[in-house]
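Novice: So here's model-v7.pdb (PDB, C-alpha atoms).
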ATOM      1  CA  MET A   1      11.715  14.424 -11.097
ATOM      2  CA  GLY A   2      11.765  17.942  -9.604
ATOM      3  CA  HIS A   3       9.212  18.840  -6.967
ATOM      4  CA  PRO A   4       6.151  16.679  -6.358
ATOM      5  CA  GLU A   5       2.956  17.734  -8.111
ATOM      6  CA  PHE A   6       0.114  18.946  -5.942
ATOM      7  CA  TYR A   7      -3.616  19.040  -6.479
ATOM      8  CA  GLU A   8      -5.912  22.022  -6.735
ATOM      9  CA  PRO A   9      -7.423  22.287  -3.205
ATOM     10  CA  GLU A  10     -10.992  21.519  -4.333
ATOM     11  CA  THR A  11      -9.848  18.484  -6.373
ATOM     12  CA  LEU A  12      -7.908  17.091  -3.403
ATOM     13  CA  LYS A  13     -10.862  17.668  -1.059
ATOM     14  CA  ARG A  14     -13.148  15.820  -3.449
ATOM     15  CA  LEU A  15     -10.645  12.975  -3.875
ATOM     16  CA  GLN A  16     -10.246  12.623  -0.105
ATOM     17  CA  GLY A  17     -14.044  12.549   0.198
ATOM     18  CA  GLU A  18     -14.272   9.662  -2.295
ATOM     19  CA  ILE A  19     -11.551   7.753  -0.420
ATOM     20  CA  LEU A  20     -13.368   8.305   2.895
ATOM     21  CA  SER A  21     -16.567   6.899   1.382
ATOM     22  CA  ILE A  22     -14.596   3.713   0.518
ATOM     23  CA  LEU A  23     -13.175   3.672   4.055
ATOM     24  CA  ASP A  24     -16.699   3.921   5.526
ATOM     25  CA  ASP A  25     -17.877   0.896   3.522
ATOM     26  CA  PHE A  26     -14.686  -0.978   4.438
ATOM     27  CA  MET A  27     -15.116  -0.259   8.169
ATOM     28  CA  ALA A  28     -18.795  -1.247   8.069
ATOM     29  CA  VAL A  29     -17.933  -4.660   6.574
ATOM     30  CA  CYS A  30     -15.091  -5.215   9.064
ATOM     31  CA  ASP A  31     -17.293  -4.263  12.026
ATOM     32  CA  LYS A  32     -20.143  -6.482  10.842
ATOM     33  CA  TYR A  33     -17.916  -9.539  10.353
ATOM     34  CA  HIS A  34     -15.510  -8.810  13.253
ATOM     35  CA  LEU A  35     -12.464  -8.470  11.016
ATOM     36  CA  GLU A  36      -9.277  -6.888  12.318
ATOM     37  CA  TYR A  37      -7.694  -3.888  10.591
ATOM     38  CA  PHE A  38      -5.674  -0.818  11.544
ATOM     39  CA  GLY A  39      -4.210   2.309   9.992
ATOM     40  CA  ILE A  40      -0.456   2.442   9.338
ATOM     41  CA  ALA A  41       2.240   4.675   7.812
ATOM     42  CA  GLY A  42       1.023   8.060   6.507
ATOM     43  CA  THR A  43      -2.485   7.403   7.811
ATOM     44  CA  GLY A  44      -0.989   7.025  11.306
ATOM     45  CA  ILE A  45       0.911  10.312  10.955
ATOM     46  CA  GLY A  46      -2.277  11.960   9.707
ATOM     47  CA  ALA A  47      -4.291  10.744  12.702
ATOM     48  CA  VAL A  48      -1.697  11.830  15.287
ATOM     49  CA  ARG A  49      -0.627  15.115  13.701
ATOM     50  CA  HIS A  50      -3.779  16.289  11.873
ATOM     51  CA  ARG A  51      -6.683  14.129  13.155
ATOM     52  CA  GLY A  52      -7.206  13.117   9.548
ATOM     53  CA  PHE A  53      -5.395  13.235   6.240
ATOM     54  CA  ILE A  54      -1.926  14.739   6.042
ATOM     55  CA  PRO A  55      -3.075  17.954   4.258
ATOM     56  CA  TRP A  56      -1.556  17.042   0.850
ATOM     57  CA  ASP A  57      -2.096  13.256   1.095
ATOM     58  CA  ASP A  58      -4.228  11.328  -1.369
ATOM     59  CA  ASP A  59      -4.495   7.814   0.046
ATOM     60  CA  ILE A  60      -5.308   5.811   3.169
ATOM     61  CA  ASP A  61      -3.092   2.896   4.243
ATOM     62  CA  ILE A  62      -4.782   0.013   6.066
ATOM     63  CA  ALA A  63      -3.123  -3.182   7.317
ATOM     64  CA  MET A  64      -4.893  -6.494   7.933
ATOM     65  CA  PRO A  65      -3.603  -9.821   9.252
ATOM     66  CA  ARG A  66      -3.685 -12.427   6.446
ATOM     67  CA  HIS A  67      -6.576 -14.410   7.947
ATOM     68  CA  ASP A  68      -8.838 -11.327   8.215
ATOM     69  CA  PHE A  69      -7.713 -10.005   4.818
ATOM     70  CA  ASP A  70      -8.614 -13.259   3.004
ATOM     71  CA  LYS A  71     -12.055 -13.258   4.653
ATOM     72  CA  PHE A  72     -12.611  -9.585   3.792
ATOM     73  CA  ILE A  73     -11.779 -10.092   0.093
ATOM     74  CA  LYS A  74     -14.276 -12.966  -0.191
ATOM     75  CA  ILE A  75     -17.014 -10.951   1.552
ATOM     76  CA  ILE A  76     -16.496  -7.730  -0.432
ATOM     77  CA  GLN A  77     -16.469  -9.530  -3.791
ATOM     78  CA  LYS A  78     -19.654 -11.377  -2.852
ATOM     79  CA  THR A  79     -21.622  -8.557  -1.219
ATOM     80  CA  MET A  80     -20.340  -5.342  -2.870
ATOM     81  CA  GLY A  81     -18.880  -6.557  -6.156
ATOM     82  CA  GLU A  82     -21.058  -4.172  -8.156
ATOM     83  CA  LYS A  83     -19.598  -1.179  -6.293
ATOM     84  CA  TYR A  84     -15.962  -2.246  -5.794
ATOM     85  CA  LEU A  85     -13.349  -4.217  -7.638
ATOM     86  CA  VAL A  86     -10.400  -5.859  -5.905
ATOM     87  CA  LEU A  87      -7.257  -4.808  -7.726
ATOM     88  CA  ASN A  88      -4.390  -7.193  -7.045
ATOM     89  CA  GLY A  89      -2.159  -9.570  -8.961
ATOM     90  CA  LYS A  90      -4.493 -12.518  -8.440
ATOM     91  CA  ASN A  91      -7.391 -10.796 -10.215
ATOM     92  CA  TYR A  92      -5.327  -8.684 -12.644
ATOM     93  CA  PRO A  93      -1.966 -10.303 -13.544
ATOM     94  CA  ASN A  94      -0.614  -7.012 -14.982
ATOM     95  CA  TYR A  95      -0.930  -5.251 -11.623
ATOM     96  CA  PRO A  96       2.700  -4.616 -10.610
ATOM     97  CA  LEU A  97       2.356  -4.214  -6.819
ATOM     98  CA  MET A  98       1.980  -6.603  -3.895
ATOM     99  CA  THR A  99      -0.552  -4.369  -2.155
ATOM    100  CA  THR A 100      -4.273  -4.789  -2.821
ATOM    101  CA  ARG A 101      -6.411  -1.830  -3.816
ATOM    102  CA  LEU A 102     -10.113  -1.684  -3.084
ATOM    103  CA  VAL A 103     -11.173   0.351  -6.129
ATOM    104  CA  LYS A 104     -14.462   2.199  -6.523
ATOM    105  CA  ARG A 105     -15.990   1.185  -9.853
ATOM    106  CA  GLY A 106     -16.739   4.027 -12.271
ATOM    107  CA  THR A 107     -13.720   6.047 -11.133
ATOM    108  CA  VAL A 108     -10.279   6.504 -12.702
ATOM    109  CA  PHE A 109      -7.082   7.224 -10.788
ATOM    110  CA  ALA A 110      -4.085   6.521 -13.000
ATOM    111  CA  GLU A 111      -0.660   7.541 -11.715
ATOM    112  CA  LYS A 112       1.907   8.717 -14.252
ATOM    113  CA  VAL A 113       4.317   5.926 -13.315
ATOM    114  CA  MET A 114       1.557   3.357 -14.129
ATOM    115  CA  LYS A 115       0.405   4.944 -17.401
ATOM    116  CA  ASP A 116       1.518   2.006 -19.567
ATOM    117  CA  VAL A 117       0.163  -0.682 -17.229
ATOM    118  CA  ASP A 118      -3.079  -2.251 -18.445
ATOM    119  CA  CYS A 119      -5.165  -2.349 -15.240
ATOM    120  CA  PRO A 120      -8.497  -0.855 -14.108
ATOM    121  CA  PHE A 121      -6.914   1.785 -11.862
ATOM    122  CA  GLY A 122      -9.460   3.827  -9.917
ATOM    123  CA  ILE A 123      -9.879   5.778  -6.677
ATOM    124  CA  PHE A 124      -8.857   3.316  -3.999
ATOM    125  CA  LEU A 125      -8.205   2.238  -0.426
ATOM    126  CA  ASP A 126      -4.714   0.729  -0.025
ATOM    127  CA  LEU A 127      -4.693  -2.634   1.798
ATOM    128  CA  TYR A 128      -1.494  -4.167   3.188
ATOM    129  CA  VAL A 129      -1.682  -7.836   4.139
ATOM    130  CA  LEU A 130       0.378  -8.852   7.178
ATOM    131  CA  ASP A 131       2.026 -12.274   7.139
ATOM    132  CA  ASN A 132       3.893 -14.117   9.890
ATOM    133  CA  VAL A 133       7.632 -13.465   9.901
ATOM    134  CA  SER A 134      10.185 -15.816  11.412
ATOM    135  CA  ASP A 135      11.307 -15.306  15.020
ATOM    136  CA  ASN A 136      14.756 -16.578  14.022
ATOM    137  CA  PRO A 137      16.847 -13.496  13.083
ATOM    138  CA  ILE A 138      18.665 -15.182  10.177
ATOM    139  CA  LEU A 139      15.542 -16.808   8.709
ATOM    140  CA  TYR A 140      13.765 -13.466   9.122
ATOM    141  CA  GLN A 141      16.494 -11.703   7.097
ATOM    142  CA  ILE A 142      16.283 -14.319   4.343
ATOM    143  CA  GLN A 143      12.477 -14.114   4.224
ATOM    144  CA  SER A 144      12.498 -10.279   4.239
ATOM    145  CA  TRP A 145      15.002  -9.841   1.457
ATOM    146  CA  GLU A 146      13.513 -12.583  -0.701
ATOM    147  CA  ALA A 147      10.042 -11.008  -0.516
ATOM    148  CA  TRP A 148      11.495  -7.529  -1.077
ATOM    149  CA  PHE A 149      13.640  -8.638  -4.040
ATOM    150  CA  TYR A 150      10.795 -10.370  -5.892
ATOM    151  CA  SER A 151       8.409  -7.472  -5.226
ATOM    152  CA  LYS A 152      10.886  -5.058  -6.831
ATOM    153  CA  LEU A 153      11.423  -7.447  -9.761
ATOM    154  CA  LEU A 154       7.643  -7.526 -10.225
ATOM    155  CA  ILE A 155       7.516  -3.721 -10.477
ATOM    156  CA  LEU A 156      10.411  -3.697 -12.969
ATOM    157  CA  ARG A 157       8.648  -6.305 -15.116
ATOM    158  CA  SER A 158       5.959  -3.676 -15.850
ATOM    159  CA  ILE A 159       7.636  -0.326 -15.163
ATOM    160  CA  PRO A 160      11.079   0.579 -16.584
ATOM    161  CA  GLU A 161      11.398   3.776 -14.510
ATOM    162  CA  PRO A 162       9.714   3.333 -11.114
ATOM    163  CA  THR A 163       9.281   6.124  -8.570
ATOM    164  CA  LEU A 164      12.461   6.551  -6.512
ATOM    165  CA  ALA A 165      13.304   8.185  -3.210
ATOM    166  CA  GLN A 166      16.706   9.166  -4.644
ATOM    167  CA  LYS A 167      17.252  12.308  -6.715
ATOM    168  CA  GLY A 168      19.699  13.668  -9.301
ATOM    169  CA  ILE A 169      22.634  11.597 -10.564
ATOM    170  CA  LYS A 170      21.886   8.753  -8.119
ATOM    171  CA  ALA A 171      18.361   8.420  -9.524
ATOM    172  CA  LYS A 172      19.675   8.438 -13.109
ATOM    173  CA  LEU A 173      22.102   5.623 -12.313
ATOM    174  CA  ILE A 174      19.396   3.549 -10.605
ATOM    175  CA  TRP A 175      16.994   4.145 -13.515
ATOM    176  CA  SER A 176      19.581   2.966 -16.045
ATOM    177  CA  VAL A 177      19.883  -0.306 -14.087
ATOM    178  CA  CYS A 178      16.069  -0.521 -13.796
ATOM    179  CA  ARG A 179      15.628  -0.098 -17.566
ATOM    180  CA  ALA A 180      18.204  -2.827 -18.220
ATOM    181  CA  VAL A 181      16.473  -5.240 -15.817
ATOM    182  CA  HIS A 182      13.080  -4.418 -17.382
ATOM    183  CA  ARG A 183      14.436  -5.181 -20.874
ATOM    184  CA  GLY A 184      16.078  -8.387 -19.635
ATOM    185  CA  LEU A 185      12.852  -9.657 -18.053
ATOM    186  CA  GLU A 186      10.950  -8.910 -21.275
ATOM    187  CA  LEU A 187      13.555 -10.590 -23.485
ATOM    188  CA  LEU A 188      13.566 -13.675 -21.274
ATOM    189  CA  SER A 189       9.726 -13.696 -21.376
ATOM    190  CA  ILE A 190       9.553 -13.928 -17.575
ATOM    191  CA  GLU A 191       5.882 -13.591 -16.702
ATOM    192  CA  PRO A 192       4.669 -11.478 -13.751
ATOM    193  CA  GLU A 193       2.719 -14.436 -12.291
ATOM    194  CA  GLY A 194       5.923 -16.410 -11.706
ATOM    195  CA  ILE A 195       7.603 -13.504  -9.924
ATOM    196  CA  ARG A 196       4.519 -12.835  -7.818
ATOM    197  CA  PHE A 197       4.269 -16.507  -6.869
ATOM    198  CA  ARG A 198       7.857 -16.444  -5.546
ATOM    199  CA  CYS A 199       7.156 -13.253  -3.590
ATOM    200  CA  GLU A 200       3.966 -14.686  -2.075
ATOM    201  CA  GLN A 201       5.794 -17.892  -1.159
ATOM    202  CA  ALA A 202       8.380 -15.911   0.806
ATOM    203  CA  CYS A 203       5.711 -13.773   2.510
ATOM    204  CA  ARG A 204       3.614 -16.783   3.539
ATOM    205  CA  ARG A 205       6.462 -19.120   4.490
ATOM    206  CA  TYR A 206       5.556 -19.175   8.213
ATOM    207  CA  ARG A 207       1.770 -19.176   7.920
ATOM    208  CA  LYS A 208       1.480 -22.438   9.868
ATOM    209  CA  GLN A 209       3.637 -21.231  12.763
ATOM    210  CA  LYS A 210       2.767 -18.953  15.671
ATOM    211  CA  THR A 211       5.199 -16.053  15.422
ATOM    212  CA  ARG A 212       5.755 -12.962  17.547
ATOM    213  CA  ARG A 213       5.654 -10.577  14.590
ATOM    214  CA  MET A 214       3.819 -10.113  11.323
ATOM    215  CA  ALA A 215       4.783  -7.798   8.476
ATOM    216  CA  PHE A 216       4.137  -6.527   4.988
ATOM    217  CA  LEU A 217       7.582  -7.285   3.566
ATOM    218  CA  PRO A 218       7.263  -6.137  -0.080
ATOM    219  CA  ASP A 219       7.442  -2.441   0.845
ATOM    220  CA  THR A 220       9.987   0.293   0.073
ATOM    221  CA  SER A 221      11.940  -1.249   2.953
ATOM    222  CA  PRO A 222      11.084  -4.749   4.223
ATOM    223  CA  TYR A 223      11.486  -3.488   7.804
ATOM    224  CA  TRP A 224       8.906  -0.708   7.641
ATOM    225  CA  ASN A 225       5.605  -2.357   8.390
ATOM    226  CA  VAL A 226       6.616  -4.894  11.029
ATOM    227  CA  VAL A 227       4.006  -5.403  13.727
ATOM    228  CA  ASP A 228       4.996  -6.851  17.087
ATOM    229  CA  ARG A 229       1.927  -8.684  18.372
ATOM    230  CA  GLU A 230       2.878  -8.127  22.037
ATOM    231  CA  LYS A 231       3.157  -4.357  21.582
ATOM    232  CA  CYS A 232       0.425  -3.833  18.992
ATOM    233  CA  TYR A 233      -2.550  -4.900  21.122
ATOM    234  CA  PRO A 234      -4.961  -3.818  22.369
ATOM    235  CA  LEU A 235      -5.566  -1.576  19.347
ATOM    236  CA  GLN A 236      -6.265   2.089  20.081
ATOM    237  CA  LYS A 237      -8.856   4.280  18.389
ATOM    238  CA  LEU A 238      -7.814   7.688  17.047
ATOM    239  CA  GLU A 239      -9.831  10.319  15.279
ATOM    240  CA  PHE A 240      -9.464  10.395  11.492
ATOM    241  CA  GLU A 241     -11.627  12.918   9.612
ATOM    242  CA  GLY A 242     -14.413  12.602  12.167
ATOM    243  CA  ARG A 243     -14.267   8.800  12.315
ATOM    244  CA  MET A 244     -12.669   6.655  15.017
ATOM    245  CA  LEU A 245     -10.127   4.434  13.286
ATOM    246  CA  ASN A 246      -8.107   1.537  14.760
ATOM    247  CA  PHE A 247      -4.332   1.924  15.145
ATOM    248  CA  PRO A 248      -1.619  -0.203  16.820
ATOM    249  CA  ALA A 249      -1.057   0.530  20.522
ATOM    250  CA  ASN A 250       2.630   1.209  19.721
ATOM    251  CA  LEU A 251       1.877   3.487  16.749
ATOM    252  CA  ASP A 252       4.281   6.198  17.937
ATOM    253  CA  GLU A 253       7.185   3.717  18.137
ATOM    254  CA  MET A 254       6.351   2.286  14.688
ATOM    255  CA  LEU A 255       6.167   5.742  13.084
ATOM    256  CA  ARG A 256       9.430   6.885  14.689
ATOM    257  CA  SER A 257      11.274   3.839  13.352
ATOM    258  CA  MET A 258       9.898   4.595   9.840
ATOM    259  CA  TYR A 259      10.108   8.381   9.695
ATOM    260  CA  GLY A 260      12.127   9.703  12.643
ATOM    261  CA  ASP A 261      10.488  12.818  14.139
ATOM    262  CA  TYR A 262       7.243  12.585  12.213
ATOM    263  CA  MET A 263       5.623  15.499  14.088
ATOM    264  CA  VAL A 264       7.744  17.945  12.066
ATOM    265  CA  LEU A 265       6.205  18.836   8.696
ATOM    266  CA  PRO A 266       8.549  17.828   5.854
ATOM    267  CA  PRO A 267       9.778  20.497   3.396
ATOM    268  CA  VAL A 268       7.640  20.910   0.268
ATOM    269  CA  GLU A 269      10.011  18.931  -1.998
ATOM    270  CA  LYS A 270       9.787  15.891   0.315
ATOM    271  CA  ARG A 271       5.978  15.819   0.457
ATOM    272  CA  LYS A 272       4.695  12.747  -1.327
ATOM    273  CA  THR A 273       1.587  12.439  -3.494
ATOM    274  CA  HIS A 274       0.413   9.871  -6.066
ATOM    275  CA  TYR A 275      -0.559  12.713  -8.422
ATOM    276  CA  PRO A 276      -2.517  11.118 -11.297
ATOM    277  CA  TYR A 277      -2.305  11.946 -14.979
ATOM    278  CA  ARG A 278      -5.948  10.838 -15.293
ATOM    279  CA  LEU A 279      -8.533  11.356 -12.575
ATOM    280  CA  GLN A 280     -12.242  10.711 -12.824
ATOM    281  CA  PHE A 281     -14.706  10.833  -9.963
ATOM    282  CA  SER A 282     -17.868   8.730  -9.654
ATOM    283  CA  GLU A 283     -20.457   9.380 -12.361
ATOM    284  CA  GLU A 284     -18.720  12.086 -14.297
ATOM    285  CA  THR A 285     -16.501  12.665 -17.294
ATOM    286  CA  SER A 286     -12.705  12.879 -17.090
ATOM    287  CA  GLU A 287     -11.005  15.813 -15.380
TER     288      GLU A 287
END
Would you give me this structure, written as structure tokens?
Specialist:
Amino acid sequence: MGHPEFYEPETLKRLQGEILSILDDFMAVCDKYHLEYFGIAGTGIGAVRHRGFIPWDDDIDIAMPRHDFDKFIKIIQKTMGEKYLVLNGKNYPNYPLMTTRLVKRGTVFAEKVMKDVDCPFGIFLDLYVLDNVSDNPILYQIQSWEAWFYSKLLILRSIPEPTLAQKGIKAKLIWSVCRAVHRGLELLSIEPEGIRFRCEQACRRYRKQKTRRMAFLPDTSPYWNVVDREKCYPLQKLEFEGRMLNFPANLDEMLRSMYGDYMVLPPVEKRKTHYPYRLQFSEETSE
């Protein structure tokens, strides 16, 4: 793996500009239809520490409660379908993630790890749907790990060597297991739709109950993006690249539980990008 790959400054600036143009359209639709959304994860760090993107970052992470998310998807496909495509497993069964990407048509953004996945990858806004999670600690654990397990199985169905946080010998050992699981799933002809269905079932198990928390469970850790409704509201607005973006009221607490002291810049080798092997901006030929 070595060190992460970084962009040429002008390429990154242009990429961030394209992503912000998607964000502007997204925010306009949400404001018009009174849909709830807020920045999370790296976008939260960016807003607090840099008033915008983390300087080397190449995506924006937005969370939406399930009800608002479902409405948004219907509206965007109906009103802006010529400009954006909704990249998720429902529309594109080969897509190996449980997030949804709002992709600008006419662009290409293909990460190396996804190079063999047949999907219309483009410059995107990352959308995380928040589902109700059980208030019962044991049922919550079961739900979390079930959703997490199936989401990882889904990735391994398409990608034999996924991106890992681990390095060196540990990474090699994990990759050897990953390759074996990938081969097993292929040999058994287990289709991605079946795995995704199981994952969705776990995520949406408590949709008919009023719960204290909601979460995006199929993440790197199922405990990362857990939103406590009592602490989250009222949402606060923070500056992000000259825009005022919604964030949870307890953003600092959420970021500390994910990253520790997030105000300290990480060393270069720990800085994360989604560096693409193919990148194409709107209305132009490949880079």
Novice: Listing only residues of region 185-227 of chain A within 12 Å of region 83-100 of chain A, what is the closest atom pair and its distance in Å (to one decimal) for each, using all atoms listed in the file, sorted by chain and residue number ascending, as CSV?
Specialist:
residue,atom,partner,partner_atom,distance
A:Glu191,CA,A:Pro93,CA,9.1
A:Pro192,CA,A:Pro93,CA,6.7
A:Glu193,CA,A:Pro93,CA,6.4
A:Gly194,CA,A:Pro93,CA,10.1
A:Ile195,CA,A:Pro96,CA,10.2
A:Arg196,CA,A:Gly89,CA,7.5
A:Phe197,CA,A:Gly89,CA,9.7
A:Arg198,CA,A:Met98,CA,11.6
A:Cys199,CA,A:Met98,CA,8.4
A:Glu200,CA,A:Met98,CA,8.5
A:Cys203,CA,A:Met98,CA,10.3
A:Phe216,CA,A:Thr99,CA,8.8
A:Leu217,CA,A:Met98,CA,9.4
A:Pro218,CA,A:Met98,CA,6.5
A:Asp219,CA,A:Met98,CA,8.3
A:Thr220,CA,A:Leu97,CA,11.2
Novice: Using Å and a single decimal, report how far CA of Ala202 (chain A) sits from CA of Thr43 (chain A).
Specialist: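 So the two atoms, CA of Thr43 (chain A) and CA of Ala202 (chain A), lie 26.7 Å apart.
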Novice: When distances are computed from all atoms listed in the file, which of A:Arg157, A:Val227, A:Leu251, A:Ser144 shows the smallest separation from Ala180 (chain A)?
Specialist: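 Distance minimum relative to Ala180 (chain A) lands on A:Arg157.
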Novice: Counting all atoms listed in the file, which residues of region 111-230 of chain A sit at most 10 Å from some atom of region 68-79 of chain A, and what is each one's closest atom pair with its distance in Å to one decimal, listed by chain and rising residue number, as a tab-separated table?
Specialist:
residue	atom	partner	partner_atom	distance
A:Leu127	CA	A:Phe69	CA	8.5
A:Tyr128	CA	A:Phe69	CA	8.7
A:Val129	CA	A:Phe69	CA	6.4
A:Leu130	CA	A:Phe69	CA	8.5
Novice: Would you save the residues from that selection as a CSV table (one decimal), in the coordinates of the input, using C-alpha atoms?
Specialist:
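Contents of again.csv, as written:
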chain,number,residue,atom,x,y,z
A,127,LEU,CA,-4.7,-2.6,1.8
A,128,TYR,CA,-1.5,-4.2,3.2
A,129,VAL,CA,-1.7,-7.8,4.1
A,130,LEU,CA,0.4,-8.9,7.2
Novice: Point out the residue among A:Ile22, A:Ile159, A:Leu154, A:Ala147 with the least atom-to-atom distance to Val117 (chain A), counting all atoms listed in the file.
Specialist: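 Of all the options, A:Ile159 lies closest to Val117 (chain A).
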Novice: Which one is closest to Ser158 (chain A): A:Val181, A:Ala41, A:Ala63, A:Met244? Count only C-alpha atoms.
Specialist: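 Closest residue, counting only C-alpha atoms: A:Val181.
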Novice: Pull out every residue that the PyMOL selection byres ((chain A and resi 106) around 12) matches in the shown coordinates and put them as number ranges by chain.
Specialist: A: 18, 82-85, 103-105, 107-109, 120-124, 279-286
Novice: Based on the selection just made, write C-alpha atoms of those residues as an mmCIF file, in the coordinates of the input.
Specialist:
data_model
loop_
_atom_site.group_PDB
_atom_site.id
_atom_site.type_symbol
_atom_site.label_atom_id
_atom_site.label_comp_id
_atom_site.auth_asym_id
_atom_site.auth_seq_id
_atom_site.Cartn_x
_atom_site.Cartn_y
_atom_site.Cartn_z
ATOM 1 C CA GLU A 18 -14.272 9.662 -2.295
ATOM 2 C CA GLU A 82 -21.058 -4.172 -8.156
ATOM 3 C CA LYS A 83 -19.598 -1.179 -6.293
ATOM 4 C CA TYR A 84 -15.962 -2.246 -5.794
ATOM 5 C CA LEU A 85 -13.349 -4.217 -7.638
ATOM 6 C CA VAL A 103 -11.173 0.351 -6.129
ATOM 7 C CA LYS A 104 -14.462 2.199 -6.523
ATOM 8 C CA ARG A 105 -15.990 1.185 -9.853
ATOM 9 C CA THR A 107 -13.720 6.047 -11.133
ATOM 10 C CA VAL A 108 -10.279 6.504 -12.702
ATOM 11 C CA PHE A 109 -7.082 7.224 -10.788
ATOM 12 C CA PRO A 120 -8.497 -0.855 -14.108
ATOM 13 C CA PHE A 121 -6.914 1.785 -11.862
ATOM 14 C CA GLY A 122 -9.460 3.827 -9.917
ATOM 15 C CA ILE A 123 -9.879 5.778 -6.677
ATOM 16 C CA PHE A 124 -8.857 3.316 -3.999
ATOM 17 C CA LEU A 279 -8.533 11.356 -12.575
ATOM 18 C CA GLN A 280 -12.242 10.711 -12.824
ATOM 19 C CA PHE A 281 -14.706 10.833 -9.963
ATOM 20 C CA SER A 282 -17.868 8.730 -9.654
ATOM 21 C CA GLU A 283 -20.457 9.380 -12.361
ATOM 22 C CA GLU A 284 -18.720 12.086 -14.297
ATOM 23 C CA THR A 285 -16.501 12.665 -17.294
ATOM 24 C CA SER A 286 -12.705 12.879 -17.090
#
Novice: Selection in question (the file shown): the PyMOL selection byres ((chain A and resi 19) around 10). Which residues does it include, as a ChimeraX atom specification?
Specialist: /A:13-18,20-24,58-60,102-104,123-126
Novice: Using all atoms listed in the file, find the one residue out of A:Glu161, A:Glu5, A:Glu253, A:Glu241 that sits nearest to Asp228 (chain A).
Specialist: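 Among the listed residues, A:Glu253 lies closest to Asp228 (chain A).
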Novice: Do you have the CA of Cys30 (chain A)-CA of Met80 (chain A) distance handy?
Specialist: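 If I compute the distance from CA of Cys30 (chain A) to CA of Met80 (chain A), I get 13.0 Å.
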Novice: Between A:Lys272, A:Tyr262, A:Leu245, A:Leu255, single out the one closest to Ala28 (chain A), counting only C-alpha atoms.
Specialist: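 Between A:Lys272, A:Tyr262, A:Leu245, A:Leu255, the residue approaching Ala28 (chain A) most closely is A:Leu245.
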Novice: Just give me the gap between CA of Asp261 (chain A) and CA of Ala215 (chain A) in Å, one decimal is fine.
Specialist: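 Spanning CA of Asp261 (chain A) to CA of Ala215 (chain A) is a straight-line distance of 22.1 Å.
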Novice: Please enumerate the residues selected by the PyMOL selection byres ((chain A and resi 234) around 8) when evaluated against the supplied file, formatted as a PDB file with C-alpha atoms, keeping the file's coordinate frame.
Specialist:
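Written file, result.pdb:
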ATOM      1  CA  CYS A 232       0.425  -3.833  18.992  1.00  0.00           C
ATOM      2  CA  TYR A 233      -2.550  -4.900  21.122  1.00  0.00           C
ATOM      3  CA  LEU A 235      -5.566  -1.576  19.347  1.00  0.00           C
ATOM      4  CA  GLN A 236      -6.265   2.089  20.081  1.00  0.00           C
ATOM      5  CA  PRO A 248      -1.619  -0.203  16.820  1.00  0.00           C
ATOM      6  CA  ALA A 249      -1.057   0.530  20.522  1.00  0.00           C
TER       7      ALA A 249
END
Novice: Name the residues in contact with Val48 (chain A) at a cut-off of 10 Å, using all atoms listed in the file, excluding same-chain residues fewer than 3 positions from it; report them as a list of chain:residue names.
Specialist: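 Selected residues are A:Gly42, A:Thr43, A:Gly44, A:Ile45, A:Arg51, A:Gly52, A:Phe53, A:Ile54, A:Leu238, A:Glu239, A:Phe240, A:Leu251, A:Asp252, A:Tyr262, A:Met263.
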Novice: Find, counting all atoms listed in the file, the residue in A:Met27, A:Leu188, A:Leu265, A:Val133 that gets nearest to Pro65 (chain A).
Specialist: A:Val133
Novice: Give the padded box for region 89-98 of chain A as AutoDock Vina command-line options: axis-aligned, covering all atoms listed in the file, 3 Å on each side, centre and edge lengths in Å to one decimal.
Specialist:
--center_x -2.3 --center_y -8.4 --center_z -9.4 --size_x 16.1 --size_y 14.3 --size_z 17.1
Novice: Excluding region 166-179 of chain A and its own-chain neighbours fewer than 6 positions away, which residues fall within 10 Å of it when counting all atoms listed in the file? Please give them as a VMD selection string.
Specialist: chain A and resid 1 to 2 152 to 153 155 to 157 159 to 160 185
Novice: Could you list, with a cut-off of 10 Å and counting only C-alpha atoms, the residues of region 153-261 of chain A near region 135-143 of chain A, each shown with its nearest atom pair and the distance in Å rounded to one decimal, rows sorted by chain and ascending number, as CSV?
Specialist:
residue,atom,partner,partner_atom,distance
A:Cys199,CA,A:Gln143,CA,9.5
A:Gln201,CA,A:Gln143,CA,9.4
A:Ala202,CA,A:Gln143,CA,5.6
A:Cys203,CA,A:Gln143,CA,7.0
A:Arg204,CA,A:Gln143,CA,9.3
A:Arg205,CA,A:Gln143,CA,7.8
A:Tyr206,CA,A:Gln143,CA,9.5
A:Gln209,CA,A:Asp135,CA,10.0
A:Lys210,CA,A:Asp135,CA,9.3
A:Thr211,CA,A:Asp135,CA,6.2
A:Arg212,CA,A:Asp135,CA,6.5
A:Arg213,CA,A:Asp135,CA,7.4
A:Met214,CA,A:Asp135,CA,9.8
A:Leu217,CA,A:Gln143,CA,8.4
A:Pro222,CA,A:Gln141,CA,9.3
A:Tyr223,CA,A:Gln141,CA,9.6
Novice: Those selected residues, please, written with C-alpha atoms and delivered as a short mmCIF file (atom, residue, chain, number, x, y, z; two decimals), in the coordinates of the input.
Specialist:
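selection21.cif, freshly written:
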data_model
loop_
_atom_site.label_atom_id
_atom_site.label_comp_id
_atom_site.auth_asym_id
_atom_site.auth_seq_id
_atom_site.Cartn_x
_atom_site.Cartn_y
_atom_site.Cartn_z
CA CYS A 199 7.16 -13.25 -3.59
CA GLN A 201 5.79 -17.89 -1.16
CA ALA A 202 8.38 -15.91 0.81
CA CYS A 203 5.71 -13.77 2.51
CA ARG A 204 3.61 -16.78 3.54
CA ARG A 205 6.46 -19.12 4.49
CA TYR A 206 5.56 -19.18 8.21
CA GLN A 209 3.64 -21.23 12.76
CA LYS A 210 2.77 -18.95 15.67
CA THR A 211 5.20 -16.05 15.42
CA ARG A 212 5.76 -12.96 17.55
CA ARG A 213 5.65 -10.58 14.59
CA MET A 214 3.82 -10.11 11.32
CA LEU A 217 7.58 -7.28 3.57
CA PRO A 222 11.08 -4.75 4.22
CA TYR A 223 11.49 -3.49 7.80
#
